[in-house]
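Data from final-v1.cif: mmCIF, C-alpha atoms
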```
data_target
loop_
_atom_site.label_atom_id
_atom_site.label_comp_id
_atom_site.auth_asym_id
_atom_site.auth_seq_id
_atom_site.Cartn_x
_atom_site.Cartn_y
_atom_site.Cartn_z
CA VAL N 853 120.49 78.64 78.32
CA ALA N 854 123.89 79.94 77.26
CA LEU N 855 122.89 79.78 73.60
CA LEU N 856 119.72 81.69 74.35
CA ILE N 857 121.62 84.43 76.19
CA VAL N 858 124.11 84.78 73.33
CA GLN N 859 121.28 84.85 70.76
CA ILE N 860 119.33 87.48 72.71
CA THR N 861 122.45 89.63 73.03
CA GLY N 862 123.20 89.28 69.32
CA THR N 863 119.63 90.11 68.35
CA ALA N 864 119.63 93.19 70.58
CA LEU N 865 122.92 94.32 69.02
CA VAL N 866 121.54 93.83 65.51
CA PHE N 867 118.44 95.85 66.39
CA GLY N 868 120.65 98.59 67.85
CA LEU N 869 123.08 98.69 64.93
CA ALA N 870 120.25 98.72 62.38
CA GLY N 871 119.04 101.96 63.88
CA ALA N 872 115.68 100.50 64.76
CA PRO N 873 113.73 102.34 67.41
CA MET N 874 113.95 100.79 70.84
CA ALA N 875 112.28 97.44 70.51
CA SER N 876 110.50 95.98 73.47
CA PRO N 877 112.39 93.29 75.37
CA LEU N 878 109.61 90.83 74.56
CA SER N 879 110.01 91.33 70.80
CA ILE N 880 113.77 90.88 71.10
CA VAL N 881 113.29 87.61 72.99
CA VAL N 882 110.72 86.35 70.46
CA VAL N 883 113.00 87.13 67.50
CA ALA N 884 115.97 85.57 69.31
CA LEU N 885 114.01 82.40 70.07
CA ARG N 886 112.85 82.13 66.46
CA ASP N 887 116.41 82.57 65.18
CA LEU N 888 117.76 80.05 67.68
CA VAL N 889 115.18 77.44 66.65
CA ARG N 890 116.03 78.06 62.99
CA THR N 891 119.72 77.57 63.75
CA VAL N 892 119.09 74.32 65.63
CA LEU N 893 116.88 73.02 62.80
CA GLN N 894 119.55 73.88 60.25
CA PHE N 895 122.22 72.18 62.37
CA TYR N 896 120.17 68.99 62.60
CA PHE N 897 119.40 69.11 58.88
CA PHE N 898 123.08 69.06 57.99
CA ALA N 899 123.88 66.53 60.73
CA VAL N 900 121.26 64.10 59.37
CA LEU N 901 122.44 64.70 55.82
CA LEU N 902 126.04 63.98 56.76
CA TYR N 903 124.95 60.93 58.77
CA ALA N 904 123.04 59.57 55.77
CA LEU N 905 126.03 60.14 53.48
CA LEU N 906 128.39 58.44 55.93
CA SER N 907 126.11 55.40 56.07
CA TRP N 908 127.02 54.66 52.45
CA PHE N 909 130.69 54.04 53.28
CA ALA N 910 131.88 50.82 54.88
CA GLY N 911 133.91 51.37 58.03
CA ALA N 912 132.66 54.90 58.60
CA ALA N 913 130.76 53.77 61.71
CA TYR N 914 134.06 53.24 63.53
CA ASN N 915 135.13 56.84 63.07
CA PRO N 916 134.90 58.80 66.36
CA ALA N 917 133.26 61.76 64.59
CA ALA N 918 130.67 59.42 63.07
CA GLN N 919 129.91 58.00 66.50
CA ILE N 920 129.27 61.50 67.88
CA LEU N 921 127.08 62.24 64.89
CA SER N 922 125.22 58.99 65.48
CA LYS N 923 124.51 59.93 69.11
CA LEU N 924 123.09 63.26 67.95
CA VAL N 925 120.93 61.92 65.12
CA GLU N 926 119.74 58.49 66.25
CA PRO N 927 117.23 59.81 68.84
CA LEU N 928 115.48 61.66 66.00
CA LEU N 929 115.61 58.73 63.59
CA ALA N 930 114.44 55.99 65.99
CA PRO N 931 110.76 57.06 66.16
CA ILE N 932 110.61 57.35 62.38
CA ARG N 933 112.14 53.89 61.97
CA ARG N 934 109.35 52.43 64.12
CA VAL N 935 106.76 53.84 61.72
CA VAL N 936 108.66 53.41 58.43
CA PRO N 937 110.66 50.16 58.43
CA PRO N 938 113.55 49.69 56.00
CA LEU N 939 112.36 48.74 52.52
CA GLY N 940 114.53 46.03 51.04
CA GLY N 941 117.53 47.09 53.09
CA LEU N 942 117.07 50.76 52.21
CA ASP N 943 116.50 52.97 55.25
CA LEU N 944 114.33 55.94 54.29
CA SER N 945 114.01 57.37 57.79
CA ALA N 946 116.68 60.00 57.11
CA VAL N 947 114.79 61.21 54.04
CA PHE N 948 111.57 61.61 56.01
CA LEU N 949 113.43 63.44 58.79
CA LEU N 950 115.10 65.78 56.29
CA ILE N 951 111.71 66.58 54.76
CA ALA N 952 110.23 67.25 58.21
CA LEU N 953 113.13 69.51 59.20
CA GLN N 954 112.80 71.48 55.96
CA ALA N 955 109.05 71.84 56.51
CA LEU N 956 109.66 73.21 60.00
CA GLN N 957 112.22 75.67 58.64
CA ILE N 958 109.72 76.88 56.04
CA LEU N 959 107.07 77.33 58.73
CA LEU N 960 109.42 79.54 60.75
CA ARG N 961 110.07 81.99 57.89
#
```

Please express the file's structure as structure tokens.
Amino acid sequence: VALLIVQITGTALVFGLAGAPMASPLSIVVVALRDLVRTVLQFYFFAVLLYALLSWFAGAAYNPAAQILSKLVEPLLAPIRRVVPPLGGLDLSAVFLLIALQALQILLR
């Protein structure tokens, strides 16, 4: 909720500074929601990418930052792992999630 309030305020300020005529509150909320979803998708894209890169290094799982990253990303990867099992020890679930996140970002443009 706090992120939404900040995003709505920022969007209203951008509309005001751009010299746009008074936009309706509904249009400001819609634009703010779209921008917030884009930001969250971009955050998760980079989080999954970093998580996949950290999986290549031995001992990285014991890093506290990697554990936080794991708690953020694993709920998104678990359903994909049920559908696409590891192939010969190679986990492709992160690749499929990155493709899905990019597709969602393209749809929101």

When you look at segment 937-949 of chain N with a cut-off of 10 Å (counting only C-alpha atoms), what residues show up, excluding the ones that are within fewer than 5 positions of it in the same chain? I need them as a list of chain:residue names. N:Tyr896, N:Phe897, N:Val900, N:Leu901, N:Tyr903, N:Ala904, N:Ser907, N:Val925, N:Glu926, N:Leu928, N:Leu929, N:Ala930, N:Pro931, N:Ile932, N:Gln954, N:Ala955

Identify all residues satisfying the PyMOL selection byres ((chain N and resi 956) around 12) in the given file; provide them as a PyMOL selection string. chain N and resi 886+889-894+896-897+949-955+957-961

Any idea what the distance is between atom CA of Phe898 of chain N and atom CA of Leu921 of chain N? 10.5 Å

Expanded to explicit residues, what is the PyMOL selection byres ((chain N and resi 873-883) around 7) for this file, as a list of chain:residue names?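 When the PyMOL selection byres ((chain N and resi 873-883) around 7) is applied to the shown file, the picked residues are N:Ile860, N:Thr863, N:Ala864, N:Gly871, N:Ala872, N:Ala884, N:Leu885, N:Arg886, N:Asp887.
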
May I have the residues from that selection written out with C-alpha atoms, as a short mmCIF file (atom, residue, chain, number, x, y, z; two decimals), in the frame of the given file?
```
data_model
loop_
_atom_site.label_atom_id
_atom_site.label_comp_id
_atom_site.auth_asym_id
_atom_site.auth_seq_id
_atom_site.Cartn_x
_atom_site.Cartn_y
_atom_site.Cartn_z
CA ILE N 860 119.33 87.48 72.71
CA THR N 863 119.63 90.11 68.35
CA ALA N 864 119.63 93.19 70.58
CA GLY N 871 119.04 101.96 63.88
CA ALA N 872 115.68 100.50 64.76
CA ALA N 884 115.97 85.57 69.31
CA LEU N 885 114.01 82.40 70.07
CA ARG N 886 112.85 82.13 66.46
CA ASP N 887 116.41 82.57 65.18
#
```

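When only C-alpha atoms are used to measure the gap to Ile857 of chain N, the shortest distance among N:Leu924, N:Leu888, N:Leu869, N:Ala899 belongs to N:Leu888.
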
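Counting from atom CA of Ile920 of chain N, the distance to atom CA of Trp908 of chain N is 17.0 Å.
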
If you take every atom of segment 882-897 of chain N that the file lists and fit an axis-aligned box around them with 4 Å extra on each side, what centre and edge lengths come out in Å to one decimal, as lines of an AutoDock Vina configuration file?
```
center_x = 116.5
center_y = 78.1
center_z = 64.7
size_x = 19.5
size_y = 26.1
size_z = 19.6
```

Interatomic distance (Å, one decimal) between atom CA of Ser922 of chain N and atom CA of Leu906 of chain N: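 So the two atoms, atom CA of Ser922 of chain N and atom CA of Leu906 of chain N, lie 10.1 Å apart.
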
Working from the structure I just supplied, which lacks atoms in segment 861-886 of chain N, can you model N, CA, C and O atoms there and output them as a CSV table (one decimal), keeping the file's coordinate frame?
```csv
chain,number,residue,atom,x,y,z
N,861,THR,N,121.5,88.5,73.1
N,861,THR,CA,122.4,89.6,73.0
N,861,THR,C,122.7,90.0,71.6
N,861,THR,O,122.8,91.2,71.2
N,862,GLY,N,122.9,89.0,70.7
N,862,GLY,CA,123.2,89.3,69.3
N,862,GLY,C,122.0,90.0,68.6
N,862,GLY,O,122.2,90.9,67.8
N,863,THR,N,120.8,89.5,68.9
N,863,THR,CA,119.6,90.1,68.4
N,863,THR,C,119.5,91.6,68.8
N,863,THR,O,119.1,92.4,68.0
N,864,ALA,N,119.7,91.8,70.1
N,864,ALA,CA,119.6,93.2,70.6
N,864,ALA,C,120.7,94.1,69.9
N,864,ALA,O,120.4,95.2,69.6
N,865,LEU,N,121.9,93.5,69.7
N,865,LEU,CA,122.9,94.3,69.0
N,865,LEU,C,122.5,94.6,67.6
N,865,LEU,O,122.8,95.7,67.1
N,866,VAL,N,122.0,93.6,66.9
N,866,VAL,CA,121.5,93.8,65.5
N,866,VAL,C,120.4,94.9,65.4
N,866,VAL,O,120.5,95.8,64.6
N,867,PHE,N,119.5,94.8,66.4
N,867,PHE,CA,118.4,95.8,66.4
N,867,PHE,C,119.1,97.2,66.6
N,867,PHE,O,118.7,98.2,66.0
N,868,GLY,N,120.0,97.3,67.5
N,868,GLY,CA,120.6,98.6,67.8
N,868,GLY,C,121.5,99.1,66.7
N,868,GLY,O,121.5,100.3,66.4
N,869,LEU,N,122.2,98.3,66.0
N,869,LEU,CA,123.1,98.7,64.9
N,869,LEU,C,122.3,99.0,63.7
N,869,LEU,O,122.7,99.8,62.9
N,870,ALA,N,121.1,98.4,63.5
N,870,ALA,CA,120.2,98.7,62.4
N,870,ALA,C,119.6,100.1,62.5
N,870,ALA,O,118.9,100.5,61.6
N,871,GLY,N,119.7,100.7,63.7
N,871,GLY,CA,119.0,102.0,63.9
N,871,GLY,C,117.5,101.9,64.1
N,871,GLY,O,116.8,102.8,64.0
N,872,ALA,N,117.1,100.7,64.5
N,872,ALA,CA,115.7,100.5,64.8
N,872,ALA,C,115.3,101.2,66.1
N,872,ALA,O,116.2,101.3,67.0
N,873,PRO,N,114.1,101.7,66.1
N,873,PRO,CA,113.7,102.3,67.4
N,873,PRO,C,113.8,101.3,68.5
N,873,PRO,O,113.7,100.1,68.2
N,874,MET,N,113.8,101.7,69.7
N,874,MET,CA,114.0,100.8,70.8
N,874,MET,C,112.8,99.8,70.8
N,874,MET,O,111.7,100.1,70.9
N,875,ALA,N,113.2,98.5,70.5
N,875,ALA,CA,112.3,97.4,70.5
N,875,ALA,C,112.0,97.0,71.9
N,875,ALA,O,112.9,97.1,72.8
N,876,SER,N,110.8,96.5,72.1
N,876,SER,CA,110.5,96.0,73.5
N,876,SER,C,111.3,94.7,73.8
N,876,SER,O,111.7,94.0,72.9
N,877,PRO,N,111.6,94.5,75.0
N,877,PRO,CA,112.4,93.3,75.4
N,877,PRO,C,111.7,92.0,74.9
N,877,PRO,O,112.3,91.0,74.6
N,878,LEU,N,110.3,92.0,75.0
N,878,LEU,CA,109.6,90.8,74.6
N,878,LEU,C,109.8,90.5,73.1
N,878,LEU,O,110.0,89.4,72.7
N,879,SER,N,109.8,91.6,72.2
N,879,SER,CA,110.0,91.3,70.8
N,879,SER,C,111.4,90.9,70.5
N,879,SER,O,111.6,90.0,69.6
N,880,ILE,N,112.4,91.3,71.3
N,880,ILE,CA,113.8,90.9,71.1
N,880,ILE,C,113.9,89.4,71.5
N,880,ILE,O,114.5,88.6,70.8
N,881,VAL,N,113.2,89.0,72.6
N,881,VAL,CA,113.3,87.6,73.0
N,881,VAL,C,112.6,86.7,72.0
N,881,VAL,O,113.1,85.6,71.6
N,882,VAL,N,111.5,87.2,71.4
N,882,VAL,CA,110.7,86.4,70.5
N,882,VAL,C,111.6,86.2,69.2
N,882,VAL,O,111.7,85.0,68.7
N,883,VAL,N,112.2,87.2,68.7
N,883,VAL,CA,113.0,87.1,67.5
N,883,VAL,C,114.2,86.2,67.8
N,883,VAL,O,114.6,85.4,66.9
N,884,ALA,N,114.8,86.4,69.0
N,884,ALA,CA,116.0,85.6,69.3
N,884,ALA,C,115.6,84.1,69.4
N,884,ALA,O,116.3,83.2,68.9
N,885,LEU,N,114.5,83.8,70.0
N,885,LEU,CA,114.0,82.4,70.1
N,885,LEU,C,113.8,81.8,68.7
N,885,LEU,O,114.1,80.7,68.4
N,886,ARG,N,113.1,82.6,67.8
N,886,ARG,CA,112.8,82.1,66.5
N,886,ARG,C,114.2,81.8,65.7
N,886,ARG,O,114.3,80.8,65.1
```
